[in-house]
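Colleague: The structure is given below, and queries will be raised subsequently.
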Amino acid sequence: MHSDQDVALAVQEPHRTAYLQGSPEGGSPRISLQPRPHEAGLIGVLPGIAPSALGDPSMAGVHHTRYPYICGEMANGIATVEMVAAIAAHGMLGFFGAAGLSVEKIEAAVADLEARCGHSLWGSNLIHSPQAPELEEATVDLYLRRRVRRVSASAFLALRPSVVRYAFSGVHTEPTGGIVRRNHVFAKISRPEVARQFLSPPPEAMLQSLVRNGQLTAEEASLARHLPVAEDITVEADSAGHTDNRPLTVLLPAILSLRDELASRFSYRRPIRIGAAGGLGTPAAVAGAFALGASYVLTGSINQCTRESGQGESAKAMLAQAGIADVMMAPAGDMFEMGVKVQVLKRGTLFGVRAAKLYELYRLHDSLDRIPAEAVSSLERDIFRQDLAGIWQQTREYFLQRKPAEVERAEREPRHRMALVFRWYLGQSSRWPTQNHAERRVDYQIWCGPAMGAFNEWVAGSFLENPAQRTVGQIALNLMFGAASITRAQQLRACGVAVPAPLFHYRPRPLAADEPGFELASIPAHAH
């Protein structure tokens with residue numbers, strides 16, 4: 001019989017080949033990391049498992065990544081240029097958090113990323129903006145002009161011309177006849193009906209409209225009919241921010257099945273990658289996502305409390321104390337009138353409760369003037385901290401500079417005016433934490449999913465417990481190496497090896513991307 005130490009070594013060094021020897025007495029196979037070609041009873045050779053081998057190999061071929069791992073785009077620039085550049089330096093893909101920023105700020109970030117990373121291993125966010133479609137289009141104009149090759153399209157409830165225009169601008173054929181796409185859309189979805197639109201060729205009417213408007217050429221539109229809008233789909237389960245709170249174990253298999261159905265129907269000739277996001281804060285969760293068939297994993301909430309994050313220091317401290325249940329759903333500022341919600345941190349802030357109160361007042365009343373006087377007093381004292389007339393004046397001046405039509409509508413429609421006033425709080429509350437407004441700490445809107453609490457529990461007692469030690473690189477490397485270790489433990493157990501339960505729990509440790517374990521060890525020829 002092997003010892004627990006032999007099994008532990010096989011799990012802790014998952015990149016190394018494991019040799020299984022049958023036991024003459026029967027029972028569990030014996031484990032060795034050393035080839036024993038002359039010893040009788042060799043019953044199996046298990047190749048090593050490295051972090052680079054966990055996902056779809058086409059991820060590396062198309063996007064030049066070393067590991068199938070993405071650092072997601074946290075809005076308001078919380079996913080900073082520094083964060084994206086840091087994760088790129090480790091051979092992983094990062095997306096800049098462009099949502100909520102002006103086109104000028106996005107362009108400055110894009111220029112910085114070009115200087116640091118060229119055009120590899122990074123992208124930027126394109127968030128659906130139903131209240132400001134012109135901003136959506138202007139952002140696409142910027143991405144095309146600056147040759148941003150990867151865009152994460154998020155919060156889309158349906159396919160939009162802006163996404164199709166980006167996806168197929170510059171598509172062409174190579175001499176061998178293959179279709180080459182310059183721009184890659186990573187579509188972040190949480191519903192099969194939305195995924196279907198991104199996994200299908202664009203609608204004919206939309207293509208014809210883009211050609212008529214001079215936004216695509218006839219050749220680009222013709223080639224688009226043979227391709228899905230997105231060849232990278234990020235399945236977003238119970239995540240921070242915009243989410244439908246769906247379990248990954250339910251949603252990911254459904255989208256994988258849908259991918260296979262549509263790939264067959266449209267005779268696609270190259271792989272479509274389906275990634276996993278939401279709830280991924282531990283190696284076990286990451287290993288589980290890959291076991292379900294994910295091509296790559298994407299993390300979000302857990303990166304907010306890293307050194308590279310654009311989140312404020314007081315908010316980072318709050319995140320570092322969060323537990324799994326310390327989150328809640330609250331009205332979304334960008335889709336307030338539609339009743340759309342986002343997942344936010346609950347512990348240490350009253351934002352969620354106060355935002356819900358605003359939406360309830362909006363739902364019950366036709367205008368600010370119809371709200372009972374005692375409720376108005378409460379709003380002015382506790383939430384806005386100034387009179388509503390002053391808030392409207394600030395809001396009016398803001399929109400007069402950026403979108404005068406909103407002011408015109410608000411002056412015609414009292415209910416719309418009420419919505420704009422309430423959205424002032426929802427918008428400011430997401431900026432107060434990034435700007436470290438300590439006096440507004442109780443009103444911080446911090447987008448957060450349950451993965452943050454799971455991460456905090458996992459790193460307790462390790463070097464990553466200290467927020468000062470949390471970097472996106474160390475978090476990513478530990479998650480990926482830990483996922484490989486847990487996958488190896490499961491592999492051994494499936495082969496009949498008795499694997500002690502503690503080996504399914506990987507503990508964080510300082511890692512370097514080039515240290516042993518991140519590339520596969522070769523199998524000696526005489527062991528084949």
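The way I read the labels, and the way they are meant: chains A, B, ... in the order of the structure tokens, residue 1 as the first residue of every chain, and ligand 1 as the first ligand shown, with later ones counted on from there.
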Out of region 107-354 of chain A, which residues get strand (DSSP E) from DSSP, as a PyMOL selection string?

Modeller: chain A and resi 122-127+150-154+172-173+179-180+184-189+232-236+241-242+273-277+297-299+327-331+341-345

Colleague: Report the closest atom pair, with its distance in Å rounded to one decimal, for each residue of region 39-142 of chain A that has an atom no farther than 10 Å from region 410-433 of chain A; count only C-alpha atoms, sort by chain and then rising residue number, and write it as CSV.

Modeller:
residue,atom,partner,partner_atom,distance
A:Ala75,CA,A:Ser430,CA,9.3
A:Asn76,CA,A:Arg431,CA,7.6
A:Gly100,CA,A:Gly427,CA,9.0

Colleague: Could you list, as JSON, numbers by chain, every residue within 7 Å of region 330-339 of chain A, counting only C-alpha atoms and ignoring same-chain residues fewer than 2 positions away?

Modeller: {"A": [131, 328, 341, 342, 343, 344, 352, 355, 356, 359, 419, 423, 426, 427]}

Colleague: For the residues selected in the previous step, produce a file with N, CA and C atoms as a PDB file, in the first residue's frame.

Modeller:
ATOM      1  N   GLN A 131     -29.933  54.029 -21.603  1.00  0.00           N
ATOM      2  CA  GLN A 131     -30.232  55.441 -21.371  1.00  0.00           C
ATOM      3  C   GLN A 131     -29.358  56.370 -22.215  1.00  0.00           C
ATOM      4  N   MET A 328     -26.402  41.547  -1.357  1.00  0.00           N
ATOM      5  CA  MET A 328     -27.836  41.661  -1.610  1.00  0.00           C
ATOM      6  C   MET A 328     -28.062  42.275  -2.982  1.00  0.00           C
ATOM      7  N   LYS A 341     -31.750  45.007 -11.365  1.00  0.00           N
ATOM      8  CA  LYS A 341     -31.000  45.066 -10.113  1.00  0.00           C
ATOM      9  C   LYS A 341     -29.564  44.617 -10.298  1.00  0.00           C
ATOM     10  N   VAL A 342     -28.719  45.032  -9.363  1.00  0.00           N
ATOM     11  CA  VAL A 342     -27.325  44.619  -9.322  1.00  0.00           C
ATOM     12  C   VAL A 342     -27.026  44.035  -7.949  1.00  0.00           C
ATOM     13  N   GLN A 343     -26.014  43.165  -7.888  1.00  0.00           N
ATOM     14  CA  GLN A 343     -25.625  42.573  -6.610  1.00  0.00           C
ATOM     15  C   GLN A 343     -24.519  43.405  -5.971  1.00  0.00           C
ATOM     16  N   VAL A 344     -24.720  43.762  -4.712  1.00  0.00           N
ATOM     17  CA  VAL A 344     -23.809  44.678  -4.022  1.00  0.00           C
ATOM     18  C   VAL A 344     -23.463  44.148  -2.637  1.00  0.00           C
ATOM     19  N   GLY A 352     -27.975  49.316  -0.218  1.00  0.00           N
ATOM     20  CA  GLY A 352     -28.985  48.432  -0.779  1.00  0.00           C
ATOM     21  C   GLY A 352     -30.379  48.736  -0.262  1.00  0.00           C
ATOM     22  N   ALA A 355     -31.456  52.294  -1.635  1.00  0.00           N
ATOM     23  CA  ALA A 355     -31.782  52.267  -3.057  1.00  0.00           C
ATOM     24  C   ALA A 355     -33.122  51.583  -3.296  1.00  0.00           C
ATOM     25  N   ALA A 356     -33.396  50.527  -2.532  1.00  0.00           N
ATOM     26  CA  ALA A 356     -34.690  49.837  -2.660  1.00  0.00           C
ATOM     27  C   ALA A 356     -35.836  50.766  -2.260  1.00  0.00           C
ATOM     28  N   TYR A 359     -36.567  53.077  -5.179  1.00  0.00           N
ATOM     29  CA  TYR A 359     -37.315  52.430  -6.264  1.00  0.00           C
ATOM     30  C   TYR A 359     -38.774  52.228  -5.871  1.00  0.00           C
ATOM     31  N   ALA A 419     -37.174  60.156 -11.510  1.00  0.00           N
ATOM     32  CA  ALA A 419     -36.199  59.101 -11.786  1.00  0.00           C
ATOM     33  C   ALA A 419     -34.788  59.657 -11.871  1.00  0.00           C
ATOM     34  N   ARG A 423     -31.710  58.700  -9.522  1.00  0.00           N
ATOM     35  CA  ARG A 423     -30.498  58.144 -10.148  1.00  0.00           C
ATOM     36  C   ARG A 423     -29.251  58.938  -9.755  1.00  0.00           C
ATOM     37  N   LEU A 426     -27.937  56.924  -6.939  1.00  0.00           N
ATOM     38  CA  LEU A 426     -27.408  55.650  -7.400  1.00  0.00           C
ATOM     39  C   LEU A 426     -26.078  55.832  -8.125  1.00  0.00           C
ATOM     40  N   GLY A 427     -25.953  56.921  -8.865  1.00  0.00           N
ATOM     41  CA  GLY A 427     -24.698  57.179  -9.559  1.00  0.00           C
ATOM     42  C   GLY A 427     -23.588  57.616  -8.624  1.00  0.00           C
TER      43      GLY A 427
END

Colleague: Please, what distance in Å, to one decimal, runs between CA of Val472 (chain A) and CA of Glu308 (chain A)?

Modeller: 7.2 Å

Colleague: Could you check how far CA of Val250 (chain A) sits from CA of Pro450 (chain A), in Å to one decimal?

Modeller: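 These atoms are spaced 17.0 Å apart.
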
Colleague: Mind the document's chain letters and residue numbers, and return as a PyMOL selection string the residues of region 319-494 of chain A that DSSP labels alpha helix (DSSP H).

Modeller: chain A and resi 319-320+351-364+373-378+388-402+404-412+414-431+451-459+472-494

Colleague: Leaving out Ala205 (chain A) and any residue of its chain fewer than 4 positions from it, which residues lie within 12 Å of it when counting only C-alpha atoms, given as an mmCIF file with C-alpha atoms, in the first residue's frame?

Modeller:
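Result saved to around.cif:
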data_model
loop_
_atom_site.group_PDB
_atom_site.id
_atom_site.type_symbol
_atom_site.label_atom_id
_atom_site.label_comp_id
_atom_site.auth_asym_id
_atom_site.auth_seq_id
_atom_site.Cartn_x
_atom_site.Cartn_y
_atom_site.Cartn_z
ATOM 1 C CA ARG A 160 -27.338 45.595 -30.660
ATOM 2 C CA PRO A 161 -25.968 47.045 -33.926
ATOM 3 C CA VAL A 164 -22.285 43.706 -34.633
ATOM 4 C CA PRO A 201 -24.834 35.008 -37.232
ATOM 5 C CA SER A 209 -28.932 48.460 -42.122
ATOM 6 C CA LEU A 210 -25.243 48.655 -41.178
ATOM 7 C CA VAL A 211 -24.251 48.399 -44.854
ATOM 8 C CA ARG A 212 -26.736 51.118 -45.858
ATOM 9 C CA ALA A 221 -21.618 41.713 -44.129
ATOM 10 C CA ARG A 225 -23.333 35.544 -42.372
#

Colleague: For region 189-196 of chain A, please output as number ranges by chain all residues within 6 Å (counting only C-alpha atoms; exclusion window: fewer than 6 positions along the same chain).

Modeller: A: 158, 235-236

Colleague: Keeping all heavy atoms for every residue in the selection just given, could you write it to a file as a short mmCIF file (atom, residue, chain, number, x, y, z; two decimals), in the first residue's frame?

Modeller:
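Final file, out-v3.cif:
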data_model
loop_
_atom_site.label_atom_id
_atom_site.label_comp_id
_atom_site.auth_asym_id
_atom_site.auth_seq_id
_atom_site.Cartn_x
_atom_site.Cartn_y
_atom_site.Cartn_z
N ALA A 158 -30.31 42.22 -25.40
CA ALA A 158 -30.52 41.77 -26.78
C ALA A 158 -29.35 42.26 -27.61
O ALA A 158 -28.63 43.18 -27.22
CB ALA A 158 -31.84 42.30 -27.35
N VAL A 235 -20.23 32.88 -19.51
CA VAL A 235 -21.46 32.55 -18.79
C VAL A 235 -21.35 33.11 -17.38
O VAL A 235 -20.54 32.67 -16.57
CB VAL A 235 -21.67 31.03 -18.75
CG1 VAL A 235 -22.89 30.68 -17.90
CG2 VAL A 235 -21.84 30.49 -20.17
N GLU A 236 -22.18 34.11 -17.09
CA GLU A 236 -22.10 34.83 -15.82
C GLU A 236 -23.16 34.31 -14.87
O GLU A 236 -24.35 34.52 -15.06
CB GLU A 236 -22.29 36.33 -16.07
CG GLU A 236 -22.04 37.18 -14.86
CD GLU A 236 -22.11 38.67 -15.18
OE1 GLU A 236 -22.90 39.05 -16.08
OE2 GLU A 236 -21.38 39.43 -14.56
#

Colleague: Write out as a PyMOL selection string each polymer residue whose atoms come within 10 Å of Val499 (chain A), counting only C-alpha atoms; drop sequence neighbours fewer than 2 positions from it.

Modeller: chain A and resi 4+7-8+11+28+489-494+496-497+501-504

Colleague: For all heavy atoms, I'd like the residues from the last selection saved as a CSV table (one decimal), in the first residue's frame.

Modeller:
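Contents of the output file part_27.csv:
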chain,number,residue,atom,x,y,z
A,4,ASP,N,0.0,7.9,2.7
A,4,ASP,CA,-0.7,9.2,2.4
A,4,ASP,C,0.3,10.2,1.9
A,4,ASP,O,0.0,11.1,1.1
A,4,ASP,CB,-1.3,9.7,3.7
A,4,ASP,CG,-2.6,9.0,4.1
A,4,ASP,OD1,-3.0,8.1,3.2
A,4,ASP,OD2,-3.1,9.2,5.2
A,7,VAL,N,0.6,10.0,-1.9
A,7,VAL,CA,-0.6,10.6,-2.5
A,7,VAL,C,-0.5,12.1,-2.4
A,7,VAL,O,-0.8,12.9,-3.4
A,7,VAL,CB,-1.9,10.1,-1.9
A,7,VAL,CG1,-3.1,10.7,-2.6
A,7,VAL,CG2,-2.0,8.6,-2.0
A,8,ALA,N,-0.1,12.6,-1.3
A,8,ALA,CA,0.0,14.1,-1.1
A,8,ALA,C,1.0,14.7,-2.1
A,8,ALA,O,0.7,15.7,-2.7
A,8,ALA,CB,0.4,14.4,0.4
A,11,VAL,N,-0.5,15.0,-5.5
A,11,VAL,CA,-1.5,16.1,-5.6
A,11,VAL,C,-0.8,17.4,-5.5
A,11,VAL,O,-1.2,18.4,-6.2
A,11,VAL,CB,-2.6,16.0,-4.4
A,11,VAL,CG1,-3.5,17.2,-4.4
A,11,VAL,CG2,-3.4,14.7,-4.6
A,28,SER,N,-6.5,-0.4,-3.0
A,28,SER,CA,-6.1,0.8,-3.7
A,28,SER,C,-4.8,0.7,-4.4
A,28,SER,O,-3.9,0.1,-3.9
A,28,SER,CB,-6.1,2.0,-2.7
A,28,SER,OG,-5.7,3.2,-3.3
A,489,ALA,N,-6.3,15.6,-7.6
A,489,ALA,CA,-6.9,14.8,-6.5
A,489,ALA,C,-8.1,14.0,-6.9
A,489,ALA,O,-8.3,12.8,-6.6
A,489,ALA,CB,-7.2,15.7,-5.3
A,490,GLN,N,-9.0,14.7,-7.7
A,490,GLN,CA,-10.2,14.0,-8.2
A,490,GLN,C,-9.8,12.9,-9.2
A,490,GLN,O,-10.4,11.9,-9.2
A,490,GLN,CB,-11.1,15.1,-8.8
A,490,GLN,CG,-12.4,14.5,-9.5
A,490,GLN,CD,-13.2,13.7,-8.5
A,490,GLN,OE1,-13.3,14.0,-7.3
A,490,GLN,NE2,-13.8,12.6,-8.9
A,491,GLN,N,-8.8,13.2,-10.0
A,491,GLN,CA,-8.4,12.2,-11.0
A,491,GLN,C,-7.9,10.9,-10.3
A,491,GLN,O,-8.2,9.8,-10.7
A,491,GLN,CB,-7.2,12.8,-11.9
A,491,GLN,CG,-6.7,11.9,-13.0
A,491,GLN,CD,-5.5,12.5,-13.6
A,491,GLN,OE1,-4.5,12.8,-12.9
A,491,GLN,NE2,-5.5,12.7,-14.9
A,492,LEU,N,-7.1,11.1,-9.3
A,492,LEU,CA,-6.6,10.0,-8.5
A,492,LEU,C,-7.7,9.2,-7.9
A,492,LEU,O,-7.7,8.0,-7.9
A,492,LEU,CB,-5.5,10.4,-7.5
A,492,LEU,CG,-4.2,11.0,-8.1
A,492,LEU,CD1,-3.4,11.6,-6.9
A,492,LEU,CD2,-3.4,9.8,-8.8
A,493,ARG,N,-8.6,9.9,-7.3
A,493,ARG,CA,-9.8,9.3,-6.7
A,493,ARG,C,-10.6,8.5,-7.7
A,493,ARG,O,-11.1,7.4,-7.4
A,493,ARG,CB,-10.6,10.3,-5.9
A,493,ARG,CG,-11.8,9.6,-5.1
A,493,ARG,CD,-12.4,10.6,-4.1
A,493,ARG,NE,-13.2,11.6,-4.8
A,493,ARG,CZ,-13.9,12.5,-4.2
A,493,ARG,NH1,-13.9,12.6,-2.8
A,493,ARG,NH2,-14.6,13.5,-4.8
A,494,ALA,N,-10.7,9.0,-8.9
A,494,ALA,CA,-11.5,8.3,-9.9
A,494,ALA,C,-10.8,7.0,-10.4
A,494,ALA,O,-11.4,6.1,-10.9
A,494,ALA,CB,-11.7,9.2,-11.1
A,496,GLY,N,-9.4,5.0,-8.3
A,496,GLY,CA,-9.5,4.1,-7.2
A,496,GLY,C,-8.5,4.4,-6.0
A,496,GLY,O,-8.5,3.6,-5.1
A,497,VAL,N,-7.8,5.5,-6.1
A,497,VAL,CA,-6.8,5.8,-5.1
A,497,VAL,C,-7.6,6.4,-3.9
A,497,VAL,O,-8.5,7.3,-4.1
A,497,VAL,CB,-5.7,6.8,-5.6
A,497,VAL,CG1,-4.8,7.2,-4.4
A,497,VAL,CG2,-5.0,6.1,-6.7
A,501,ALA,N,-9.2,13.5,2.5
A,501,ALA,CA,-10.0,14.7,2.3
A,501,ALA,C,-9.3,16.0,2.3
A,501,ALA,O,-9.6,16.9,1.5
A,501,ALA,CB,-11.2,14.8,3.3
A,502,PRO,N,-8.3,16.2,3.2
A,502,PRO,CA,-7.6,17.5,3.2
A,502,PRO,C,-6.9,17.9,1.9
A,502,PRO,O,-6.6,19.1,1.6
A,502,PRO,CB,-6.6,17.4,4.3
A,502,PRO,CG,-7.2,16.4,5.3
A,502,PRO,CD,-7.9,15.4,4.3
A,503,LEU,N,-6.6,16.9,1.0
A,503,LEU,CA,-5.9,17.2,-0.2
A,503,LEU,C,-6.8,17.8,-1.2
A,503,LEU,O,-6.3,18.3,-2.3
A,503,LEU,CB,-5.3,15.9,-0.8
A,503,LEU,CG,-4.2,15.3,0.0
A,503,LEU,CD1,-3.6,14.0,-0.6
A,503,LEU,CD2,-3.0,16.3,0.2
A,504,PHE,N,-8.1,17.9,-0.9
A,504,PHE,CA,-9.0,18.6,-1.8
A,504,PHE,C,-9.1,20.1,-1.4
A,504,PHE,O,-9.9,20.8,-2.0
A,504,PHE,CB,-10.4,18.0,-1.8
A,504,PHE,CG,-10.5,16.7,-2.5
A,504,PHE,CD1,-10.2,15.5,-1.9
A,504,PHE,CD2,-10.8,16.7,-3.9
A,504,PHE,CE1,-10.3,14.3,-2.6
A,504,PHE,CE2,-10.9,15.5,-4.6
A,504,PHE,CZ,-10.6,14.3,-4.0

Colleague: With a distance cut-off of 10 Å and only C-alpha atoms, select the neighbouring residues of region 140-151 of chain A, excluding the residue or stretch itself and same-chain residues fewer than 3 positions from it, and output the selection as a PyMOL selection string.

Modeller: chain A and resi 63+73+93-96+103-104+106-107+110-111+113-114+118-127+134-137+154+162-163+165-167+169-170+181-187

Colleague: To one decimal in Å, tell me the separation between CA of Thr434 (chain A) and CA of Leu319 (chain A).

Modeller: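 Distance reported for this atom pair: 12.8 Å.
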
Colleague: Select, from A:Ala476, A:Ile255, A:Phe168, A:Gly275, the residue with the minimum atom-to-atom distance to His226 (chain A), counting only C-alpha atoms.

Modeller: A:Phe168

Colleague: Point out the residue among A:Leu227, A:Leu46, A:Ile179, A:Ala315 with the least atom-to-atom distance to Phe198 (chain A), counting only C-alpha atoms.

Modeller: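 Of all the options, A:Leu227 lies closest to Phe198 (chain A).
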
Colleague: In terms of the shortest atom-to-atom distance over only C-alpha atoms, which of A:Arg273, A:Val297, A:Trp392, A:His505 is closest to Tyr67 (chain A)?

Modeller: A:Val297
